[in-house]
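Student: Below is the file work24.cif, which contains mmCIF, C-alpha atoms.
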data_model
#
loop_
_atom_site.label_atom_id
_atom_site.label_comp_id
_atom_site.auth_asym_id
_atom_site.auth_seq_id
_atom_site.Cartn_x
_atom_site.Cartn_y
_atom_site.Cartn_z
CA MET A 72 -19.10 18.79 -13.60
CA ALA A 73 -22.85 19.19 -13.78
CA LYS A 74 -25.60 18.95 -16.37
CA ALA A 75 -27.65 21.97 -17.30
CA ILE A 76 -30.64 23.34 -19.19
CA PHE A 77 -30.00 26.14 -21.72
CA TYR A 78 -32.96 28.32 -22.62
CA HIS A 79 -33.07 29.40 -26.26
CA LYS A 80 -35.63 30.83 -28.63
CA ALA A 81 -35.56 31.88 -32.28
CA GLY A 82 -35.02 35.61 -32.69
CA SER A 83 -33.31 35.99 -29.33
CA ILE A 84 -31.36 39.19 -28.58
CA TYR A 85 -28.36 37.01 -27.75
CA ASP A 86 -25.69 36.07 -30.25
CA ASP A 87 -26.55 32.38 -30.30
CA ALA A 88 -25.53 30.27 -33.27
CA LEU A 89 -25.08 26.64 -34.12
CA GLY A 90 -22.31 25.42 -31.85
CA ARG A 91 -22.31 28.36 -29.45
CA TYR A 92 -24.50 29.78 -26.69
CA HIS A 93 -24.34 33.44 -25.68
CA PHE A 94 -25.14 34.39 -22.10
CA PRO A 95 -24.67 37.17 -19.52
CA LYS A 96 -22.20 37.02 -16.64
CA THR A 97 -25.09 36.25 -14.28
CA TYR A 98 -24.96 32.62 -15.44
CA LEU A 99 -21.20 32.20 -15.69
CA SER A 100 -20.81 30.13 -12.52
CA ARG A 101 -23.55 27.72 -13.59
CA VAL A 102 -22.25 27.32 -17.14
CA SER A 103 -18.72 26.82 -15.80
CA GLN A 104 -19.94 23.92 -13.67
CA ALA A 105 -21.17 22.18 -16.83
CA VAL A 106 -18.01 22.51 -18.95
CA GLY A 107 -17.17 19.04 -20.25
CA ASP A 108 -20.66 17.79 -19.44
CA TRP A 109 -24.03 17.74 -21.20
CA ILE A 110 -26.71 20.40 -21.63
CA ILE A 111 -30.26 20.18 -22.96
CA TYR A 112 -31.79 22.90 -25.10
CA TYR A 113 -35.14 24.19 -23.87
CA GLY A 114 -37.57 26.88 -24.96
CA PRO A 115 -40.50 27.78 -27.23
CA LEU A 116 -40.73 26.42 -30.76
CA PRO A 117 -42.49 28.14 -33.68
CA GLY A 118 -46.10 27.05 -34.04
CA LEU A 119 -46.23 25.25 -30.68
CA LYS A 120 -47.77 26.66 -27.51
CA SER A 121 -45.65 25.32 -24.66
CA ARG A 122 -41.93 25.11 -23.97
CA TYR A 123 -39.96 22.10 -25.01
CA TYR A 124 -36.72 20.21 -24.61
CA SER A 125 -35.42 19.80 -28.16
CA GLY A 126 -31.90 18.38 -28.17
CA LEU A 127 -28.65 17.89 -26.28
CA ALA A 128 -25.02 18.92 -26.67
CA ARG A 129 -21.78 18.97 -24.70
CA ILE A 130 -19.95 22.10 -23.53
CA ASN A 131 -16.42 22.18 -24.88
CA ARG A 132 -15.27 25.49 -23.38
CA VAL A 133 -16.37 28.94 -22.25
CA SER A 134 -14.82 32.18 -23.51
CA PRO A 135 -15.47 35.88 -22.85
CA ASP A 136 -17.38 37.85 -25.46
CA PRO A 137 -14.69 40.16 -26.92
CA LEU A 138 -17.28 42.85 -27.66
CA LYS A 139 -19.33 42.78 -24.45
CA SER A 140 -17.40 42.58 -21.19
CA ASP A 141 -20.34 41.21 -19.21
CA HIS A 142 -21.20 38.39 -21.64
CA PHE A 143 -19.68 35.02 -22.51
CA TYR A 144 -19.91 32.22 -25.07
CA ALA A 145 -20.27 28.51 -24.38
CA PHE A 146 -18.96 26.50 -27.32
CA LEU A 147 -20.79 23.24 -27.90
CA ASP A 148 -20.00 19.88 -29.52
CA ASP A 149 -21.92 16.67 -30.21
CA TYR A 150 -25.35 18.23 -30.78
CA LEU A 151 -28.15 15.72 -31.38
CA ASP A 152 -31.81 16.53 -31.97
CA PHE A 153 -34.48 14.75 -29.96
CA ASP A 154 -36.90 12.53 -31.85
CA ARG A 155 -39.64 15.00 -31.02
CA PRO A 156 -40.06 18.13 -28.90
CA VAL A 157 -40.61 17.07 -25.27
CA ASP A 158 -43.06 19.30 -23.38
CA TYR A 159 -41.51 20.41 -20.09
CA VAL A 160 -44.70 19.50 -18.17
CA GLU A 161 -44.98 16.05 -19.75
CA GLN A 162 -45.21 13.19 -17.24
CA GLY A 163 -45.80 15.72 -14.49
CA GLY A 164 -42.60 17.62 -15.25
CA PHE A 165 -39.00 16.46 -15.38
CA GLU A 166 -37.35 19.26 -13.38
CA LYS A 167 -38.68 18.95 -9.86
CA GLN A 168 -37.59 22.47 -8.91
CA LEU A 169 -39.45 23.86 -11.92
CA VAL A 170 -42.73 21.90 -11.87
CA ARG A 171 -44.13 21.43 -8.39
CA PRO A 172 -45.89 18.20 -7.31
CA ASP A 173 -49.28 19.90 -7.74
CA GLY A 174 -48.45 20.83 -11.34
CA THR A 175 -47.88 24.54 -10.72
CA ILE A 176 -44.76 26.23 -12.06
CA ASN A 177 -42.09 27.76 -9.86
CA PRO A 178 -41.88 31.32 -11.28
CA GLY A 179 -38.43 31.96 -9.82
CA ARG A 180 -37.03 28.87 -11.52
CA SER A 181 -38.88 29.36 -14.82
CA VAL A 182 -37.18 32.70 -15.59
CA GLN A 183 -33.67 31.24 -15.25
CA ALA A 184 -32.04 30.87 -18.66
CA VAL A 185 -29.45 28.41 -17.32
CA ARG A 186 -30.51 25.80 -14.78
CA ILE A 187 -28.39 23.08 -13.22
CA ILE A 188 -30.19 19.71 -13.14
CA ASP A 189 -29.26 16.42 -11.55
CA ASP A 190 -28.32 13.27 -13.44
CA ARG A 191 -31.70 11.70 -12.82
CA GLU A 192 -33.57 14.60 -14.42
CA PHE A 193 -31.17 14.65 -17.36
CA ALA A 194 -31.55 10.93 -17.98
CA ALA A 195 -35.34 11.14 -17.75
CA ILE A 196 -35.52 13.90 -20.39
CA VAL A 197 -33.09 12.14 -22.73
CA GLN A 198 -34.89 8.83 -22.28
CA VAL A 199 -38.14 10.37 -23.51
CA GLY A 200 -36.48 12.52 -26.14
CA LEU A 201 -34.62 9.67 -27.84
CA SER A 202 -36.95 6.72 -27.37
CA GLU A 203 -39.20 7.07 -30.44
CA PRO A 204 -38.85 3.93 -32.58
CA ASP A 205 -37.63 4.27 -36.14
CA GLU A 206 -40.45 3.58 -38.59
CA TRP A 207 -37.99 2.12 -41.09
CA PRO A 208 -35.03 0.65 -39.17
CA ALA A 209 -32.31 -1.21 -40.98
CA ARG A 210 -31.95 -4.71 -39.59
CA THR A 211 -28.61 -3.81 -38.01
CA ASP A 212 -30.06 -0.67 -36.37
CA ALA A 213 -32.75 -2.30 -34.24
CA GLN A 214 -30.48 -3.17 -31.33
CA ALA A 215 -28.48 0.06 -31.50
CA ILE A 216 -31.47 2.32 -30.81
CA ASP A 217 -33.03 0.20 -28.07
CA LEU A 218 -32.79 2.48 -25.03
CA PRO A 219 -33.83 1.02 -21.66
CA ARG A 220 -37.00 2.35 -20.06
CA LEU A 221 -36.39 4.68 -17.15
CA GLU A 222 -39.13 4.13 -14.58
CA LEU A 223 -39.50 7.21 -12.39
CA ASP A 224 -40.67 5.58 -9.17
CA GLU A 225 -39.57 6.10 -5.61
CA THR A 226 -37.36 3.01 -5.54
CA ALA A 227 -35.22 4.51 -8.30
CA GLN A 228 -34.12 7.37 -6.04
CA THR A 229 -31.10 5.52 -4.70
CA PRO A 230 -27.81 5.95 -6.61
CA PHE A 231 -27.26 2.20 -6.62
CA LEU A 232 -30.41 1.58 -8.65
CA PHE A 233 -30.17 4.69 -10.79
CA GLU A 234 -26.54 4.93 -11.87
CA PRO A 235 -26.50 1.94 -14.25
CA ILE A 236 -29.47 3.41 -16.16
CA GLU A 237 -27.90 6.87 -16.29
CA ARG A 238 -24.58 5.46 -17.50
CA THR A 239 -26.34 3.43 -20.20
CA ILE A 240 -28.13 6.51 -21.50
CA LEU A 241 -24.91 8.55 -21.50
CA GLN A 242 -23.12 5.79 -23.37
CA GLN A 243 -25.87 5.83 -26.01
CA THR A 244 -25.64 9.59 -26.50
CA ILE A 245 -21.94 9.37 -27.41
CA ASN A 246 -22.12 6.03 -29.25
CA ARG A 247 -21.47 6.61 -32.96
CA PRO A 248 -23.75 3.82 -34.30
CA PHE A 249 -26.57 5.09 -32.07
CA ARG A 250 -26.10 8.68 -33.23
CA ASP A 251 -25.90 7.62 -36.88
CA ALA A 252 -29.14 5.66 -36.52
CA LYS A 253 -30.89 8.61 -34.88
CA PHE A 254 -29.57 11.07 -37.45
CA LYS A 255 -30.84 8.85 -40.26
CA GLN A 256 -34.21 8.47 -38.53
CA HIS A 257 -34.62 12.24 -38.17
CA ILE A 258 -33.51 13.08 -41.72
CA ARG A 259 -35.78 10.48 -43.30
CA GLN A 260 -38.72 11.79 -41.30
CA VAL A 261 -38.36 15.50 -42.06
CA TYR A 262 -37.64 14.83 -45.76
CA ASP A 263 -40.48 12.29 -45.97
CA ARG A 264 -38.06 9.61 -47.25
CA THR A 265 -37.49 11.71 -50.41
CA CYS A 266 -34.15 12.59 -51.99
CA ALA A 267 -33.68 16.36 -51.78
CA PHE A 268 -31.70 16.51 -55.05
CA THR A 269 -33.67 14.10 -57.27
CA GLY A 270 -37.15 14.33 -55.76
CA LEU A 271 -37.40 10.53 -55.84
CA ARG A 272 -38.81 8.41 -53.05
CA LEU A 273 -37.58 4.85 -53.61
CA ILE A 274 -38.88 2.07 -51.34
CA ASN A 275 -37.31 -1.37 -51.35
CA GLY A 276 -39.15 -4.68 -51.29
CA GLY A 277 -39.16 -4.76 -47.50
CA GLY A 278 -40.87 -1.39 -47.28
CA ARG A 279 -37.73 0.46 -46.22
CA PRO A 280 -36.74 3.74 -47.91
CA GLU A 281 -33.55 3.70 -49.93
CA VAL A 282 -32.76 7.37 -49.25
CA GLU A 283 -29.69 7.98 -47.10
CA ALA A 284 -28.89 10.66 -44.50
CA ALA A 285 -25.96 12.83 -45.58
CA HIS A 286 -24.02 15.10 -43.22
CA ILE A 287 -23.30 18.46 -44.87
CA VAL A 288 -20.30 19.01 -42.61
CA PRO A 289 -18.86 15.51 -42.06
CA VAL A 290 -18.59 14.30 -38.47
CA GLU A 291 -14.90 13.65 -38.92
CA ARG A 292 -14.50 17.32 -39.90
CA GLY A 293 -16.33 18.61 -36.82
CA GLY A 294 -19.91 18.29 -38.02
CA ASN A 295 -22.71 17.47 -35.60
CA ASP A 296 -25.90 15.42 -35.86
CA SER A 297 -28.34 18.31 -36.10
CA ILE A 298 -31.09 17.98 -38.68
CA GLN A 299 -29.85 21.32 -40.01
CA ASN A 300 -26.53 19.63 -40.84
CA GLY A 301 -28.23 16.99 -42.96
CA LEU A 302 -29.80 16.20 -46.31
CA ALA A 303 -31.75 13.19 -47.51
CA LEU A 304 -29.96 11.92 -50.62
CA SER A 305 -30.12 8.80 -52.76
CA GLY A 306 -27.01 6.65 -52.85
CA THR A 307 -25.32 7.91 -56.03
CA VAL A 308 -26.12 11.55 -55.28
CA HIS A 309 -24.86 11.11 -51.71
CA TRP A 310 -21.58 9.75 -53.07
CA MET A 311 -21.18 12.76 -55.38
CA PHE A 312 -22.10 15.22 -52.61
CA ASP A 313 -19.50 13.77 -50.22
CA ARG A 314 -16.84 14.00 -52.93
CA GLY A 315 -17.58 17.58 -53.85
CA LEU A 316 -19.12 16.92 -57.24
CA LEU A 317 -22.42 18.38 -56.03
CA SER A 318 -23.22 21.05 -53.47
CA ILE A 319 -26.05 23.38 -52.44
CA ALA A 320 -26.44 27.17 -52.49
CA ASP A 321 -28.08 29.28 -49.81
CA ASP A 322 -31.21 29.50 -51.97
CA TYR A 323 -31.12 25.67 -52.20
CA LYS A 324 -30.02 25.63 -55.84
CA ILE A 325 -28.18 22.40 -56.64
CA LEU A 326 -24.60 23.15 -57.72
CA GLN A 327 -22.72 20.90 -60.16
CA SER A 328 -18.95 20.75 -60.22
CA ARG A 329 -17.00 21.29 -63.43
CA HIS A 330 -15.10 18.14 -62.45
CA LEU A 331 -18.10 15.99 -63.40
CA ASN A 332 -17.38 13.86 -66.44
CA GLU A 333 -20.77 14.66 -67.94
CA ASP A 334 -23.89 16.70 -67.35
CA ILE A 335 -26.09 14.94 -64.80
CA SER A 336 -28.96 17.42 -64.83
CA HIS A 337 -31.29 14.67 -66.04
CA MET A 338 -30.72 12.88 -62.71
CA LEU A 339 -31.70 15.90 -60.65
CA ALA A 340 -34.90 17.82 -59.94
CA ARG A 341 -36.07 19.59 -63.10
CA ASP A 342 -35.74 23.07 -61.61
CA LEU A 343 -32.38 22.17 -60.03
CA ILE A 344 -33.71 23.34 -56.66
CA ALA A 345 -33.30 21.02 -53.67
CA LYS A 346 -36.52 19.96 -51.99
CA VAL A 347 -36.10 20.92 -48.32
CA PRO A 348 -38.52 20.63 -45.37
CA ALA A 349 -41.30 23.19 -45.01
CA GLU A 350 -40.39 23.85 -41.36
CA PRO A 351 -37.55 26.44 -41.31
CA ARG A 352 -35.85 24.90 -38.25
CA HIS A 353 -35.42 21.66 -40.21
CA ARG A 354 -33.86 23.17 -43.32
CA PRO A 355 -30.10 23.09 -43.97
CA HIS A 356 -28.38 25.92 -42.14
CA PRO A 357 -26.54 28.51 -44.31
CA ALA A 358 -23.35 28.13 -42.24
CA TYR A 359 -23.16 24.42 -43.00
CA MET A 360 -23.95 24.85 -46.68
CA ALA A 361 -21.28 27.57 -46.97
CA TRP A 362 -18.76 25.27 -45.25
CA HIS A 363 -19.48 22.51 -47.77
CA ARG A 364 -19.05 24.89 -50.72
CA ASP A 365 -15.78 26.26 -49.31
CA ASN A 366 -14.22 22.99 -48.13
CA ILE A 367 -15.69 20.08 -50.11
CA PHE A 368 -17.18 21.37 -53.37
CA LYS A 369 -14.89 21.20 -56.41
CA GLN A 370 -15.94 24.33 -58.28
#
Step by step, read the file and then write its structure as structure tokens.
Tutor:
Amino acid sequence: MAKAIFYHKAGSIYDDALGRYHFPKTYLSRVSQAVGDWIIYYGPLPGLKSRYYSGLARINRVSPDPLKSDHFYAFLDDYLDFDRPVDYVEQGGFEKQLVRPDGTINPGRSVQAVRIIDDREFAAIVQVGLSEPDEWPARTDAQAIDLPRLELDETAQTPFLFEPIERTILQQTINRPFRDAKFKQHIRQVYDRTCAFTGLRLINGGGRPEVEAAHIVPVERGGNDSIQNGLALSGTVHWMFDRGLLSIADDYKILQSRHLNEDISHMLARDLIAKVPAEPRHRPHPAYMAWHRDNIFKQ
């Protein structure tokens, strides 16, 4: 197995979607090497000038495109957003075959949509991408999100010194408490600690927000930890959403189930429209909202 970089941009000609990556046969051997291992998403982001590493996922399998004989799909699990976009030239560059020691870019490497990277490069990117502290950690979360610092010096080149750090970082990326803490951190940030359904921002006596991070597609039903699979909801509303008494339409209208014992419109935003982030890439994805309506919502 091997770790890889997957280039992606919004509006691509490829049939990319949440949970799958579309690519030409040119890259099949590289993608095949990474099946069962981790990849990092990389590419331009709207409104930003450089190229960035934005999140990680694990390749579950690769299948031929049934409509295009020279194309394939990589199906992905365990997606997790980074705390922030990580510029590919930050810290002098993470991929040594891409960014040369003098800071210039290797043009042959930069045009490759799929790049194999070594464990050291992977760990360095993930370390930076997931090391932002939570502004409002729960007391039980503080230890769970404490990633070790990865010092990129010459002495760390030997496998003996490096492997324990790399293993620790990999363990964190698949650790459920760690992922839950990161998901909550990201959702609270992009929703500004405000409940999407009520519009309320409640802060407790210790300065911590009371709003919770809700998965639209539950993890136990195959959902991932993408911001686009989340909503910031207050406790009671979160409970009703998880039990199908509330849902959300593609136009972000809040849907109320006929199974509710009484009208709860007074608890919700006056216009019954969910308050979602301004940045499109942070808003709930239509595929996840449709899944919730079809599988959870009690119409």
Student: Translate the PyMOL selection byres ((chain A and resi 300) around 7), as applied to the file shown, into an explicit residue set as a VMD selection string.
Tutor: chain A and resid 286 to 288 295 to 299 301 355 to 356 359
Student: Excluding Leu89 in chain A and residues on its chain fewer than 3 positions from it, collect all residues at most 9 Å away from it, counting only C-alpha atoms, and give them as a VMD selection string.
Tutor: chain A and resid 92 147 356 358
Student: Just say which residues the PyMOL selection byres ((chain A and resi 81) around 10) picks in this file, as a list in words.
Tutor: His79, Lys80, Gly82, Ser83, Ile84, Tyr85, Asp87, Gly114, Pro115, Leu116, Pro117 and Arg352 of chain A
Student: Show me the residues close to (-17.1, 22.6, -54.6) - anything with an atom within 7 Å, counting all atoms listed in the file - and format the list as a count of residues only.
Tutor: 11
Student: Can you tell me how far CA of Met338 in chain A sits from CA of Leu271 in chain A, in Å to one decimal?
Tutor: 9.9 Å
Student: Separation of CA of Arg250 in chain A and CA of Glu283 in chain A, in Å?
Tutor: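 Pair CA of Arg250 in chain A / CA of Glu283 in chain A returns 14.3 Å.
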Student: Write out as a count of residues only each polymer residue whose atoms come within 12 Å of Asp148 in chain A, counting only C-alpha atoms; drop sequence neighbours fewer than 4 positions from it.
Tutor: 22
